[in-house]
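*Asks:* Here you go, model.pdb (PDB, C-alpha atoms and all ligand atoms):
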ATOM      1  CA  MET L   1     -64.267 -57.351  17.845
ATOM      2  CA  ARG L   2     -66.159 -60.465  18.885
ATOM      3  CA  ALA L   3     -68.674 -62.951  17.496
ATOM      4  CA  TRP L   4     -71.444 -65.308  18.539
ATOM      5  CA  THR L   5     -72.866 -68.227  16.593
ATOM      6  CA  LEU L   6     -76.638 -68.531  17.056
ATOM      7  CA  GLY L   7     -76.376 -71.981  15.494
ATOM      8  CA  SER L   8     -74.396 -73.590  12.693
ATOM      9  CA  GLY L   9     -75.143 -76.564  10.430
ATOM     10  CA  SER L  10     -77.632 -77.874   7.888
ATOM     11  CA  ARG L  11     -80.597 -77.061  10.170
ATOM     12  CA  GLY L  12     -79.789 -73.339  10.397
ATOM     13  CA  ASN L  13     -77.007 -70.741  10.414
ATOM     14  CA  ALA L  14     -76.670 -67.260  11.907
ATOM     15  CA  ILE L  15     -73.588 -65.431  13.199
ATOM     16  CA  VAL L  16     -73.342 -62.093  14.998
ATOM     17  CA  ILE L  17     -70.150 -60.058  14.487
ATOM     18  CA  GLU L  18     -69.639 -56.980  16.650
ATOM     19  CA  CYS L  19     -67.051 -54.258  16.222
ATOM     20  CA  GLY L  20     -67.233 -50.974  18.125
ATOM     21  CA  SER L  21     -70.915 -50.105  18.319
ATOM     22  CA  THR L  22     -71.914 -51.945  15.124
ATOM     23  CA  ARG L  23     -73.410 -55.430  14.982
ATOM     24  CA  ILE L  24     -73.922 -57.399  11.782
ATOM     25  CA  LEU L  25     -75.651 -60.713  11.321
ATOM     26  CA  VAL L  26     -74.128 -63.054   8.740
ATOM     27  CA  ASP L  27     -77.008 -65.274   7.552
ATOM     28  CA  ALA L  28     -80.409 -65.632   9.210
ATOM     29  CA  GLY L  29     -81.288 -69.290   8.749
ATOM     30  CA  TYR L  30     -83.761 -69.523  11.632
ATOM     31  CA  PRO L  31     -87.329 -68.313  12.113
ATOM     32  CA  ALA L  32     -87.497 -64.824  13.652
ATOM     33  CA  ARG L  33     -88.720 -66.172  17.013
ATOM     34  CA  THR L  34     -85.674 -68.491  17.257
ATOM     35  CA  LEU L  35     -83.338 -65.627  16.330
ATOM     36  CA  ALA L  36     -84.988 -63.454  19.018
ATOM     37  CA  ARG L  37     -84.742 -66.183  21.670
ATOM     38  CA  ARG L  38     -81.083 -66.999  21.013
ATOM     39  CA  LEU L  39     -80.092 -63.313  20.819
ATOM     40  CA  ALA L  40     -81.825 -62.715  24.158
ATOM     41  CA  THR L  41     -79.601 -65.385  25.782
ATOM     42  CA  ALA L  42     -76.587 -63.206  24.954
ATOM     43  CA  ASN L  43     -78.401 -59.989  25.909
ATOM     44  CA  ILE L  44     -78.327 -58.773  22.311
ATOM     45  CA  ALA L  45     -81.367 -56.706  21.328
ATOM     46  CA  PRO L  46     -82.397 -57.558  17.733
ATOM     47  CA  GLU L  47     -82.863 -53.805  17.176
ATOM     48  CA  SER L  48     -79.121 -53.305  17.872
ATOM     49  CA  ILE L  49     -78.260 -55.268  14.709
ATOM     50  CA  SER L  50     -77.750 -52.982  11.712
ATOM     51  CA  ALA L  51     -77.919 -55.418   8.831
ATOM     52  CA  VAL L  52     -77.907 -59.005   7.704
ATOM     53  CA  VAL L  53     -75.401 -60.157   5.094
ATOM     54  CA  VAL L  54     -76.619 -63.321   3.373
ATOM     55  CA  THR L  55     -73.972 -65.706   1.983
ATOM     56  CA  HIS L  56     -76.383 -67.639  -0.278
ATOM     57  CA  GLU L  57     -80.058 -68.453  -0.682
ATOM     58  CA  HIS L  58     -80.124 -72.003   0.745
ATOM     59  CA  ILE L  59     -82.896 -72.179   3.317
ATOM     60  CA  ASP L  60     -80.562 -73.000   6.237
ATOM     61  CA  HIS L  61     -78.999 -69.546   5.656
ATOM     62  CA  SER L  62     -81.953 -67.440   4.501
ATOM     63  CA  ARG L  63     -85.115 -68.782   6.167
ATOM     64  CA  GLY L  64     -85.404 -65.851   8.629
ATOM     65  CA  VAL L  65     -84.229 -63.005   6.397
ATOM     66  CA  ALA L  66     -87.613 -61.677   5.229
ATOM     67  CA  PRO L  67     -89.417 -62.204   8.586
ATOM     68  CA  ALA L  68     -86.527 -60.551  10.463
ATOM     69  CA  HIS L  69     -86.609 -57.599   8.070
ATOM     70  CA  ALA L  70     -90.370 -57.264   8.613
ATOM     71  CA  ARG L  71     -89.896 -57.325  12.384
ATOM     72  CA  TRP L  72     -86.681 -55.365  12.978
ATOM     73  CA  ALA L  73     -86.095 -53.529   9.660
ATOM     74  CA  TRP L  74     -82.589 -54.967   9.189
ATOM     75  CA  GLN L  75     -81.102 -53.962   5.858
ATOM     76  CA  VAL L  76     -80.280 -57.009   3.725
ATOM     77  CA  PHE L  77     -77.070 -57.351   1.706
ATOM     78  CA  GLY L  78     -75.959 -60.134  -0.635
ATOM     79  CA  THR L  79     -75.135 -60.807  -4.269
ATOM     80  CA  ALA L  80     -77.933 -60.160  -6.779
ATOM     81  CA  GLY L  81     -78.182 -63.928  -7.335
ATOM     82  CA  THR L  82     -78.580 -64.592  -3.616
ATOM     83  CA  LEU L  83     -81.195 -61.867  -3.090
ATOM     84  CA  ALA L  84     -83.221 -63.080  -6.086
ATOM     85  CA  GLY L  85     -83.533 -66.461  -4.370
ATOM     86  CA  ILE L  86     -85.062 -65.094  -1.163
ATOM     87  CA  ASP L  87     -88.873 -64.876  -1.199
ATOM     88  CA  ALA L  88     -90.982 -62.064   0.227
ATOM     89  CA  LEU L  89     -88.188 -59.528   0.547
ATOM     90  CA  PRO L  90     -89.412 -55.992  -0.256
ATOM     91  CA  THR L  91     -87.326 -54.214  -2.922
ATOM     92  CA  GLY L  92     -86.449 -51.271  -0.649
ATOM     93  CA  SER L  93     -85.007 -53.550   2.038
ATOM     94  CA  ARG L  94     -82.193 -55.086   0.046
ATOM     95  CA  GLN L  95     -79.002 -54.034  -1.610
ATOM     96  CA  ALA L  96     -77.253 -56.170  -4.219
ATOM     97  CA  ILE L  97     -73.479 -56.276  -3.802
ATOM     98  CA  GLU L  98     -70.894 -57.139  -6.432
ATOM     99  CA  PRO L  99     -68.270 -59.576  -5.041
ATOM    100  CA  GLY L 100     -64.922 -57.836  -4.547
ATOM    101  CA  THR L 101     -66.461 -54.369  -4.152
ATOM    102  CA  PRO L 102     -66.338 -53.194  -0.502
ATOM    103  CA  PHE L 103     -69.397 -51.619   1.122
ATOM    104  CA  ALA L 104     -69.861 -49.930   4.492
ATOM    105  CA  VAL L 105     -72.309 -50.685   7.310
ATOM    106  CA  GLY L 106     -71.718 -48.659  10.498
ATOM    107  CA  ASP L 107     -68.138 -49.272  11.630
ATOM    108  CA  PHE L 108     -67.629 -52.146   9.189
ATOM    109  CA  ASP L 109     -66.149 -52.287   5.727
ATOM    110  CA  ILE L 110     -67.447 -55.519   4.214
ATOM    111  CA  THR L 111     -66.348 -57.429   1.127
ATOM    112  CA  LEU L 112     -68.011 -60.486  -0.388
ATOM    113  CA  VAL L 113     -65.738 -63.080  -2.004
ATOM    114  CA  ARG L 114     -67.083 -65.644  -4.472
ATOM    115  CA  VAL L 115     -66.909 -69.284  -3.367
ATOM    116  CA  PRO L 116     -67.768 -72.508  -5.225
ATOM    117  CA  HIS L 117     -70.997 -74.049  -3.859
ATOM    118  CA  ASP L 118     -74.205 -75.345  -5.453
ATOM    119  CA  ALA L 119     -76.134 -72.077  -5.042
ATOM    120  CA  THR L 120     -76.720 -69.190  -7.501
ATOM    121  CA  ALA L 121     -73.947 -66.762  -6.458
ATOM    122  CA  PRO L 122     -72.565 -67.819  -3.049
ATOM    123  CA  THR L 123     -69.898 -65.870  -1.161
ATOM    124  CA  ALA L 124     -67.713 -65.741   1.929
ATOM    125  CA  VAL L 125     -67.767 -62.512   3.979
ATOM    126  CA  LEU L 126     -64.753 -60.399   5.014
ATOM    127  CA  LEU L 127     -65.327 -57.717   7.654
ATOM    128  CA  THR L 128     -62.905 -54.968   8.728
ATOM    129  CA  GLY L 129     -63.497 -52.538  11.598
ATOM    130  CA  ARG L 130     -62.866 -49.097  10.130
ATOM    131  CA  GLN L 131     -61.698 -47.534  13.430
ATOM    132  CA  SER L 132     -59.800 -50.492  14.883
ATOM    133  CA  GLY L 133     -58.518 -52.285  11.792
ATOM    134  CA  PHE L 134     -59.719 -55.609  13.250
ATOM    135  CA  ARG L 135     -60.468 -58.194  10.585
ATOM    136  CA  ALA L 136     -62.872 -61.134  10.633
ATOM    137  CA  ALA L 137     -63.999 -63.657   8.024
ATOM    138  CA  VAL L 138     -66.932 -66.034   7.730
ATOM    139  CA  ALA L 139     -66.634 -68.851   5.177
ATOM    140  CA  HIS L 140     -69.104 -71.724   5.162
ATOM    141  CA  ASP L 141     -70.762 -73.753   2.409
ATOM    142  CA  LEU L 142     -67.874 -74.004  -0.028
ATOM    143  CA  GLY L 143     -66.623 -77.097  -1.806
ATOM    144  CA  MET L 144     -63.066 -75.857  -2.160
ATOM    145  CA  VAL L 145     -61.104 -72.745  -1.222
ATOM    146  CA  PRO L 146     -60.581 -70.429  -4.199
ATOM    147  CA  ASP L 147     -57.246 -68.553  -4.393
ATOM    148  CA  GLY L 148     -59.060 -65.217  -4.007
ATOM    149  CA  LEU L 149     -60.303 -66.285  -0.591
ATOM    150  CA  ARG L 150     -57.153 -68.074   0.568
ATOM    151  CA  GLY L 151     -55.147 -64.865   0.166
ATOM    152  CA  ALA L 152     -57.654 -62.872   2.237
ATOM    153  CA  LEU L 153     -57.672 -65.173   5.271
ATOM    154  CA  SER L 154     -54.173 -64.418   6.611
ATOM    155  CA  ASP L 155     -53.607 -61.882   9.422
ATOM    156  CA  LEU L 156     -57.202 -62.063  10.662
ATOM    157  CA  ASP L 157     -58.322 -61.438  14.245
ATOM    158  CA  LEU L 158     -61.285 -63.796  14.003
ATOM    159  CA  LEU L 159     -61.869 -66.702  11.605
ATOM    160  CA  LEU L 160     -65.153 -68.620  11.357
ATOM    161  CA  LEU L 161     -64.608 -71.430   8.880
ATOM    162  CA  GLU L 162     -66.515 -74.481   7.691
ATOM    163  CA  SER L 163     -65.284 -77.934   8.737
ATOM    164  CA  ASN L 164     -68.232 -79.988   7.500
ATOM    165  CA  HIS L 165     -67.263 -83.630   7.367
ATOM    166  CA  ASP L 166     -64.659 -86.268   8.048
ATOM    167  CA  ASP L 167     -63.883 -87.977   4.720
ATOM    168  CA  HIS L 168     -63.935 -91.494   6.175
ATOM    169  CA  MET L 169     -67.188 -90.946   8.106
ATOM    170  CA  LEU L 170     -68.834 -89.520   4.960
ATOM    171  CA  ARG L 171     -67.744 -92.501   2.828
ATOM    172  CA  THR L 172     -68.873 -95.077   5.392
ATOM    173  CA  GLY L 173     -71.860 -93.131   6.801
ATOM    174  CA  PRO L 174     -75.631 -93.302   6.223
ATOM    175  CA  TYR L 175     -75.904 -90.907   3.247
ATOM    176  CA  PRO L 176     -76.787 -92.308  -0.216
ATOM    177  CA  ALA L 177     -74.000 -92.226  -2.815
ATOM    178  CA  PHE L 178     -75.405 -89.210  -4.741
ATOM    179  CA  LEU L 179     -75.484 -87.113  -1.563
ATOM    180  CA  GLN L 180     -71.987 -88.208  -0.535
ATOM    181  CA  GLN L 181     -70.754 -87.121  -3.964
ATOM    182  CA  ARG L 182     -72.532 -83.773  -3.751
ATOM    183  CA  ILE L 183     -71.046 -82.993  -0.322
ATOM    184  CA  ALA L 184     -67.505 -84.033  -1.311
ATOM    185  CA  SER L 185     -67.628 -82.240  -4.698
ATOM    186  CA  ARG L 186     -65.982 -78.926  -5.575
ATOM    187  CA  THR L 187     -69.353 -77.216  -5.100
ATOM    188  CA  GLY L 188     -70.249 -79.021  -1.860
ATOM    189  CA  HIS L 189     -68.768 -78.551   1.612
ATOM    190  CA  LEU L 190     -65.262 -78.359   3.116
ATOM    191  CA  SER L 191     -63.951 -81.481   4.840
ATOM    192  CA  ASN L 192     -61.902 -81.406   8.043
ATOM    193  CA  HIS L 193     -58.900 -82.256   5.885
ATOM    194  CA  GLN L 194     -59.462 -79.325   3.483
ATOM    195  CA  THR L 195     -59.963 -76.967   6.431
ATOM    196  CA  ALA L 196     -56.753 -78.144   8.102
ATOM    197  CA  GLU L 197     -54.842 -77.789   4.840
ATOM    198  CA  LEU L 198     -56.073 -74.193   4.530
ATOM    199  CA  VAL L 199     -55.435 -73.209   8.171
ATOM    200  CA  GLY L 200     -51.935 -74.735   8.095
ATOM    201  CA  GLY L 201     -50.936 -72.297   5.342
ATOM    202  CA  LEU L 202     -52.292 -69.084   6.880
ATOM    203  CA  LYS L 203     -50.542 -66.356   8.871
ATOM    204  CA  VAL L 204     -52.271 -66.726  12.227
ATOM    205  CA  ALA L 205     -50.213 -64.664  14.709
ATOM    206  CA  THR L 206     -53.042 -62.151  15.274
ATOM    207  CA  LEU L 207     -55.859 -64.724  15.350
ATOM    208  CA  SER L 208     -57.812 -64.639  18.647
ATOM    209  CA  ALA L 209     -60.311 -67.419  17.831
ATOM    210  CA  LEU L 210     -60.852 -70.102  15.210
ATOM    211  CA  VAL L 211     -64.499 -71.200  15.105
ATOM    212  CA  LEU L 212     -65.425 -74.276  13.055
ATOM    213  CA  LEU L 213     -68.778 -74.006  11.267
ATOM    214  CA  HIS L 214     -71.427 -76.207   9.654
ATOM    215  CA  LEU L 215     -70.301 -79.528  11.170
ATOM    216  CA  SER L 216     -72.320 -82.462   9.859
ATOM    217  CA  GLU L 217     -74.218 -84.220  12.648
ATOM    218  CA  LYS L 218     -73.939 -87.546  10.785
ATOM    219  CA  ASN L 219     -70.487 -87.365   9.212
ATOM    220  CA  ASN L 220     -68.366 -85.496  11.764
ATOM    221  CA  THR L 221     -67.874 -84.931  15.477
ATOM    222  CA  PRO L 222     -66.722 -81.766  17.286
ATOM    223  CA  GLY L 223     -63.804 -83.765  18.751
ATOM    224  CA  ILE L 224     -62.464 -84.963  15.388
ATOM    225  CA  ALA L 225     -62.949 -81.568  13.686
ATOM    226  CA  THR L 226     -61.308 -79.491  16.429
ATOM    227  CA  ALA L 227     -58.373 -81.910  16.849
ATOM    228  CA  SER L 228     -57.638 -81.706  13.129
ATOM    229  CA  ALA L 229     -57.879 -77.889  12.991
ATOM    230  CA  LYS L 230     -55.868 -77.444  16.213
ATOM    231  CA  GLN L 231     -53.015 -79.486  14.808
ATOM    232  CA  ALA L 232     -52.989 -77.364  11.633
ATOM    233  CA  LEU L 233     -53.170 -74.122  13.616
ATOM    234  CA  GLN L 234     -50.213 -75.133  15.776
ATOM    235  CA  ARG L 235     -48.261 -76.070  12.650
ATOM    236  CA  ALA L 236     -48.853 -72.522  11.418
ATOM    237  CA  GLY L 237     -47.696 -71.099  14.773
ATOM    238  CA  GLY L 238     -51.177 -70.205  16.114
ATOM    239  CA  ARG L 239     -52.068 -70.403  19.806
ATOM    240  CA  CYS L 240     -55.726 -69.296  19.931
ATOM    241  CA  PRO L 241     -58.698 -71.415  21.047
ATOM    242  CA  VAL L 242     -60.386 -73.658  18.449
ATOM    243  CA  THR L 243     -64.118 -74.270  18.962
ATOM    244  CA  ALA L 244     -66.783 -76.146  16.992
ATOM    245  CA  ALA L 245     -69.973 -74.054  16.796
ATOM    246  CA  PRO L 246     -73.010 -76.026  18.029
ATOM    247  CA  GLN L 247     -76.154 -76.456  15.890
ATOM    248  CA  GLY L 248     -78.796 -76.125  18.561
ATOM    249  CA  ASP L 249     -77.796 -73.149  20.686
ATOM    250  CA  ILE L 250     -76.050 -69.798  20.814
ATOM    251  CA  ALA L 251     -72.310 -69.933  21.632
ATOM    252  CA  GLY L 252     -69.673 -67.274  22.233
ATOM    253  CA  PRO L 253     -68.544 -64.616  22.467
ATOM    254  CA  TYR L 254     -65.542 -65.728  20.490
ATOM    255  CA  GLY L 255     -62.513 -63.498  20.149
ATOM    256  CA  ASP L 256     -63.121 -60.292  22.044
ATOM    257  CA  VAL L 257     -59.988 -58.542  20.880
ATOM    258  CA  HIS L 258     -59.582 -54.916  21.848
ATOM    259  CA  ARG L 259     -56.300 -53.866  20.409
ATOM    260  CA  ARG L 260     -53.836 -55.371  17.974
ATOM    261  CA  PRO L 261     -50.220 -55.773  19.169
ATOM    262  CA  GLN L 262     -48.816 -53.492  16.463
ATOM    263  CA  GLN L 263     -51.290 -50.739  17.414
ATOM    264  CA  LEU L 264     -50.131 -51.071  21.009
ATOM    265  CA  ALA L 265     -46.567 -50.518  19.847
ATOM    266  CA  LEU L 266     -47.579 -47.411  17.899
ATOM    267  CA  ALA L 267     -49.423 -45.968  20.885
ATOM    268  CA  ILE L 268     -46.373 -46.129  23.212
TER     269      ILE L 268
HETATM  270 ZN    ZN L 301     -75.635 -74.531   4.701
HETATM  271 ZN    ZN L 302     -75.531 -74.141   1.145
END
Translate the structure of the given file into structure tokens.
Ligand SMILES: [Zn+2]
Ligand SMILES: [Zn+2]

*Replies:*
Amino acid sequence: MRAWTLGSGSRGNAIVIECGSTRILVDAGYPARTLARRLATANIAPESISAVVVTHEHIDHSRGVAPAHARWAWQVFGTAGTLAGIDALPTGSRQAIEPGTPFAVGDFDITLVRVPHDATAPTAVLLTGRQSGFRAAVAHDLGMVPDGLRGALSDLDLLLLESNHDDHMLRTGPYPAFLQQRIASRTGHLSNHQTAELVGGLKVATLSALVLLHLSEKNNTPGIATASAKQALQRAGGRCPVTAAPQGDIAGPYGDVHRRPQQLALAI
């Protein structure tokens, strides 16, 4: 199992997760030509992607969904509320998913988990490889971590998690007060501090990569965000690399795990 970020932040989000021969895109917040160009850098043919799972309808996550479907016929999955907010998506192309109810795409079993954010019905995405048992999660655009998600993030192989802002930089930065309040609210975005608090309480022995998502370009820096998350990861006993996903380019592959230690033990 491995992942690439095609870009992450308020100007666009898209993440490729690969397990076995199946590739899924989580969010498509770039025009189709940008998706095609960034995928080409990693030698990923758009046609090799089976589906796009959309976390919520905000334009930085959904801008390319309908054009990409028109071009490459990707199936589109998301909550009914999310899909209703995406324009120009033909009815036959999309499948509404109830949070908490697993669905299958290729080698993946996928579950959407509700998160608090100022969109219609936003979710995080949990992905399990059916053959391998590898587990990954993508959680961005959430103002706080609900218990239902917290419990699902232990014992993962790959975690891609929002670390949007540094509290001090947000308070003293260029944003007007109403926007600062929106970002820091329970339906806004996770701060470095909230992310560290979450990571510090997880079981992380199997984690092969922690990727920080949706960093604010005005109210955060990759150095501050990764230092904070690294400290929390070490406190929890984790040793894997911690990387901040860039906004303007593809990055990865992250992870690239082939076999879990306990499966190795069983095979001997
Ligand atoms: Zn966003
Ligand atoms: Zn959003």

*Asks:* Write out as a Markdown table the residues of chain L that have any atom within 9 Å of an atom of ligand ZN 302 (chain L), one row each with the nearest atom pair and its distance in Å to one decimal, counting all atoms listed in the file, sorted by chain and then rising number.

*Replies:*
| residue | atom | partner | partner_atom | distance |
| --- | --- | --- | --- | --- |
| L:Ser10 | CA | L:ZN302 | ZN | 8.0 |
| L:Thr55 | CA | L:ZN302 | ZN | 8.6 |
| L:His56 | CA | L:ZN302 | ZN | 6.7 |
| L:Glu57 | CA | L:ZN302 | ZN | 7.5 |
| L:His58 | CA | L:ZN302 | ZN | 5.1 |
| L:Ile59 | CA | L:ZN302 | ZN | 7.9 |
| L:Asp60 | CA | L:ZN302 | ZN | 7.2 |
| L:His61 | CA | L:ZN302 | ZN | 7.3 |
| L:His117 | CA | L:ZN302 | ZN | 6.8 |
| L:Asp118 | CA | L:ZN302 | ZN | 6.8 |
| L:Ala119 | CA | L:ZN302 | ZN | 6.6 |
| L:Pro122 | CA | L:ZN302 | ZN | 8.1 |
| L:His140 | CA | L:ZN302 | ZN | 8.0 |
| L:Asp141 | CA | L:ZN302 | ZN | 4.9 |
| L:Leu142 | CA | L:ZN302 | ZN | 7.7 |
| L:Gly188 | CA | L:ZN302 | ZN | 7.8 |
| L:His189 | CA | L:ZN302 | ZN | 8.1 |

*Asks:* Save the residues we just selected, C-alpha atoms, as a PDB file, keeping the file's coordinate frame?

*Replies:*
ATOM      1  CA  SER L  10     -77.632 -77.874   7.888  1.00  0.00           C
ATOM      2  CA  THR L  55     -73.972 -65.706   1.983  1.00  0.00           C
ATOM      3  CA  HIS L  56     -76.383 -67.639  -0.278  1.00  0.00           C
ATOM      4  CA  GLU L  57     -80.058 -68.453  -0.682  1.00  0.00           C
ATOM      5  CA  HIS L  58     -80.124 -72.003   0.745  1.00  0.00           C
ATOM      6  CA  ILE L  59     -82.896 -72.179   3.317  1.00  0.00           C
ATOM      7  CA  ASP L  60     -80.562 -73.000   6.237  1.00  0.00           C
ATOM      8  CA  HIS L  61     -78.999 -69.546   5.656  1.00  0.00           C
ATOM      9  CA  HIS L 117     -70.997 -74.049  -3.859  1.00  0.00           C
ATOM     10  CA  ASP L 118     -74.205 -75.345  -5.453  1.00  0.00           C
ATOM     11  CA  ALA L 119     -76.134 -72.077  -5.042  1.00  0.00           C
ATOM     12  CA  PRO L 122     -72.565 -67.819  -3.049  1.00  0.00           C
ATOM     13  CA  HIS L 140     -69.104 -71.724   5.162  1.00  0.00           C
ATOM     14  CA  ASP L 141     -70.762 -73.753   2.409  1.00  0.00           C
ATOM     15  CA  LEU L 142     -67.874 -74.004  -0.028  1.00  0.00           C
ATOM     16  CA  GLY L 188     -70.249 -79.021  -1.860  1.00  0.00           C
ATOM     17  CA  HIS L 189     -68.768 -78.551   1.612  1.00  0.00           C
TER      18      HIS L 189
END

*Asks:* From the list L:Arg150, L:Arg182, L:His214, L:Arg239, which residue is nearest ligand ZN 301 (chain L) when using all atoms listed in the file?

*Replies:*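 Among the listed residues, L:His214 lies closest to ligand ZN 301 (chain L).
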
*Asks:* I'd like the residues picked by the PyMOL selection byres (((chain L and resi 236-238) around 9) and not hetatm) written out as a VMD selection string, using the chain letters and numbers from the file.

*Replies:* chain L and resid 199 to 207 230 to 235 239 to 240

*Asks:* Using only C-alpha atoms, please write the residues we just selected to a file, as a PDB file, in the coordinates of the input.

*Replies:*
ATOM      1  CA  VAL L 199     -55.435 -73.209   8.171  1.00  0.00           C
ATOM      2  CA  GLY L 200     -51.935 -74.735   8.095  1.00  0.00           C
ATOM      3  CA  GLY L 201     -50.936 -72.297   5.342  1.00  0.00           C
ATOM      4  CA  LEU L 202     -52.292 -69.084   6.880  1.00  0.00           C
ATOM      5  CA  LYS L 203     -50.542 -66.356   8.871  1.00  0.00           C
ATOM      6  CA  VAL L 204     -52.271 -66.726  12.227  1.00  0.00           C
ATOM      7  CA  ALA L 205     -50.213 -64.664  14.709  1.00  0.00           C
ATOM      8  CA  THR L 206     -53.042 -62.151  15.274  1.00  0.00           C
ATOM      9  CA  LEU L 207     -55.859 -64.724  15.350  1.00  0.00           C
ATOM     10  CA  LYS L 230     -55.868 -77.444  16.213  1.00  0.00           C
ATOM     11  CA  GLN L 231     -53.015 -79.486  14.808  1.00  0.00           C
ATOM     12  CA  ALA L 232     -52.989 -77.364  11.633  1.00  0.00           C
ATOM     13  CA  LEU L 233     -53.170 -74.122  13.616  1.00  0.00           C
ATOM     14  CA  GLN L 234     -50.213 -75.133  15.776  1.00  0.00           C
ATOM     15  CA  ARG L 235     -48.261 -76.070  12.650  1.00  0.00           C
ATOM     16  CA  ARG L 239     -52.068 -70.403  19.806  1.00  0.00           C
ATOM     17  CA  CYS L 240     -55.726 -69.296  19.931  1.00  0.00           C
TER      18      CYS L 240
END

*Asks:* Which centre and edge lengths in Å to one decimal define the box along x, y and z that fits every listed atom of range 168-173 of chain L plus 4 Å per side, as JSON?

*Replies:*
{"center_x": -67.9, "center_y": -92.3, "center_z": 5.5, "size_x": 15.9, "size_y": 13.6, "size_z": 13.3}

*Asks:* Would you mind telling me which residue in L:Thr195, L:Thr243, L:Thr123, L:Ser208 lies nearest to ligand ZN 301 (chain L) when using all atoms listed in the file?

*Replies:* L:Thr123

*Asks:* For the atom pair CA of Gly78 in chain L and CA of Ala209 in chain L, what is the interatomic distance in Å to one decimal place?

*Replies:* 25.3 Å

*Asks:* Separation of CA of Asp166 in chain L and CA of Asn220 in chain L, in Å?

*Replies:* 5.3 Å

*Asks:* At what distance in Å, to one decimal, does CA of Ala28 in chain L lie from CA of Leu83 in chain L?

*Replies:*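 A separation of 12.9 Å between them.
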
*Asks:* Run the PyMOL selection byres (((chain L and resi 128) around 9) and not hetatm) mentally over the shown coordinates, then write out the matched residues as an mmCIF file with C-alpha atoms, in the frame of the given file, using the chain letters and numbers from the document.

*Replies:*
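Once everything was written out, this is selection_25.cif:
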data_model
loop_
_atom_site.group_PDB
_atom_site.id
_atom_site.type_symbol
_atom_site.label_atom_id
_atom_site.label_comp_id
_atom_site.auth_asym_id
_atom_site.auth_seq_id
_atom_site.Cartn_x
_atom_site.Cartn_y
_atom_site.Cartn_z
ATOM 1 C CA CYS L 19 -67.051 -54.258 16.222
ATOM 2 C CA ASP L 107 -68.138 -49.272 11.630
ATOM 3 C CA PHE L 108 -67.629 -52.146 9.189
ATOM 4 C CA ASP L 109 -66.149 -52.287 5.727
ATOM 5 C CA ILE L 110 -67.447 -55.519 4.214
ATOM 6 C CA THR L 111 -66.348 -57.429 1.127
ATOM 7 C CA LEU L 126 -64.753 -60.399 5.014
ATOM 8 C CA LEU L 127 -65.327 -57.717 7.654
ATOM 9 C CA GLY L 129 -63.497 -52.538 11.598
ATOM 10 C CA ARG L 130 -62.866 -49.097 10.130
ATOM 11 C CA GLN L 131 -61.698 -47.534 13.430
ATOM 12 C CA SER L 132 -59.800 -50.492 14.883
ATOM 13 C CA GLY L 133 -58.518 -52.285 11.792
ATOM 14 C CA PHE L 134 -59.719 -55.609 13.250
ATOM 15 C CA ARG L 135 -60.468 -58.194 10.585
ATOM 16 C CA ALA L 136 -62.872 -61.134 10.633
ATOM 17 C CA ALA L 137 -63.999 -63.657 8.024
#

*Asks:* For a cut-off of 10 Å around (-66.8, -83.3, 0.9), file coordinates, pick out all residues using all atoms listed in the file and list them as a compact mmCIF listing (two decimals) with C-alpha atoms, keeping the file's coordinate frame.

*Replies:*
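Once everything was written out, this is point24.txt:
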# COMPACT_ATOMS: atom_id res chain seq x y z
CA LEU L 142 -67.87 -74.00 -0.03
CA GLY L 143 -66.62 -77.10 -1.81
CA MET L 144 -63.07 -75.86 -2.16
CA SER L 163 -65.28 -77.93 8.74
CA ASN L 164 -68.23 -79.99 7.50
CA HIS L 165 -67.26 -83.63 7.37
CA ASP L 166 -64.66 -86.27 8.05
CA ASP L 167 -63.88 -87.98 4.72
CA LEU L 170 -68.83 -89.52 4.96
CA ARG L 171 -67.74 -92.50 2.83
CA LEU L 179 -75.48 -87.11 -1.56
CA GLN L 180 -71.99 -88.21 -0.54
CA GLN L 181 -70.75 -87.12 -3.96
CA ARG L 182 -72.53 -83.77 -3.75
CA ILE L 183 -71.05 -82.99 -0.32
CA ALA L 184 -67.50 -84.03 -1.31
CA SER L 185 -67.63 -82.24 -4.70
CA ARG L 186 -65.98 -78.93 -5.58
CA THR L 187 -69.35 -77.22 -5.10
CA GLY L 188 -70.25 -79.02 -1.86
CA HIS L 189 -68.77 -78.55 1.61
CA LEU L 190 -65.26 -78.36 3.12
CA SER L 191 -63.95 -81.48 4.84
CA ASN L 192 -61.90 -81.41 8.04
CA HIS L 193 -58.90 -82.26 5.88
CA GLN L 194 -59.46 -79.32 3.48
CA ASN L 219 -70.49 -87.36 9.21

*Asks:* When distances are computed from only C-alpha atoms and all ligand atoms, which of L:Leu215, L:Ala251, L:Val53, L:Ala32 shows the smallest separation from ligand ZN 301 (chain L)?

*Replies:*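 Using only C-alpha atoms and all ligand atoms, the shortest distance to ligand ZN 301 (chain L) belongs to L:Leu215.
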
*Asks:* From the set L:Leu39, L:Ala70, L:Ile86, L:Ala139, which residue has the shortest atom-to-atom contact distance to ligand ZN 301 (chain L), counting only C-alpha atoms and all ligand atoms?

*Replies:*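 Using only C-alpha atoms and all ligand atoms, ligand ZN 301 (chain L) sits closest to L:Ala139.
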
*Asks:* Find the residue from L:Ile17, L:Ile224, L:Val54, L:Val145 that sits nearest to ligand ZN 301 (chain L); use all atoms listed in the file when measuring.

*Replies:*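 When distances to ligand ZN 301 (chain L) are compared using all atoms listed in the file, the smallest one comes from L:Val54.
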
*Asks:* Counting all atoms listed in the file, which of L:Ser62, L:Ser228, L:Thr82, L:Thr5 gets nearest to ligand ZN 301 (chain L)?

*Replies:* L:Ser62

*Asks:* Expand the PyMOL selection byres (((chain L and resi 87-99) around 6) and not hetatm) into the individual residues it matches in the shown file, reporting them as number ranges by chain.

*Replies:* L: 66, 75-80, 86, 100-101, 112-113
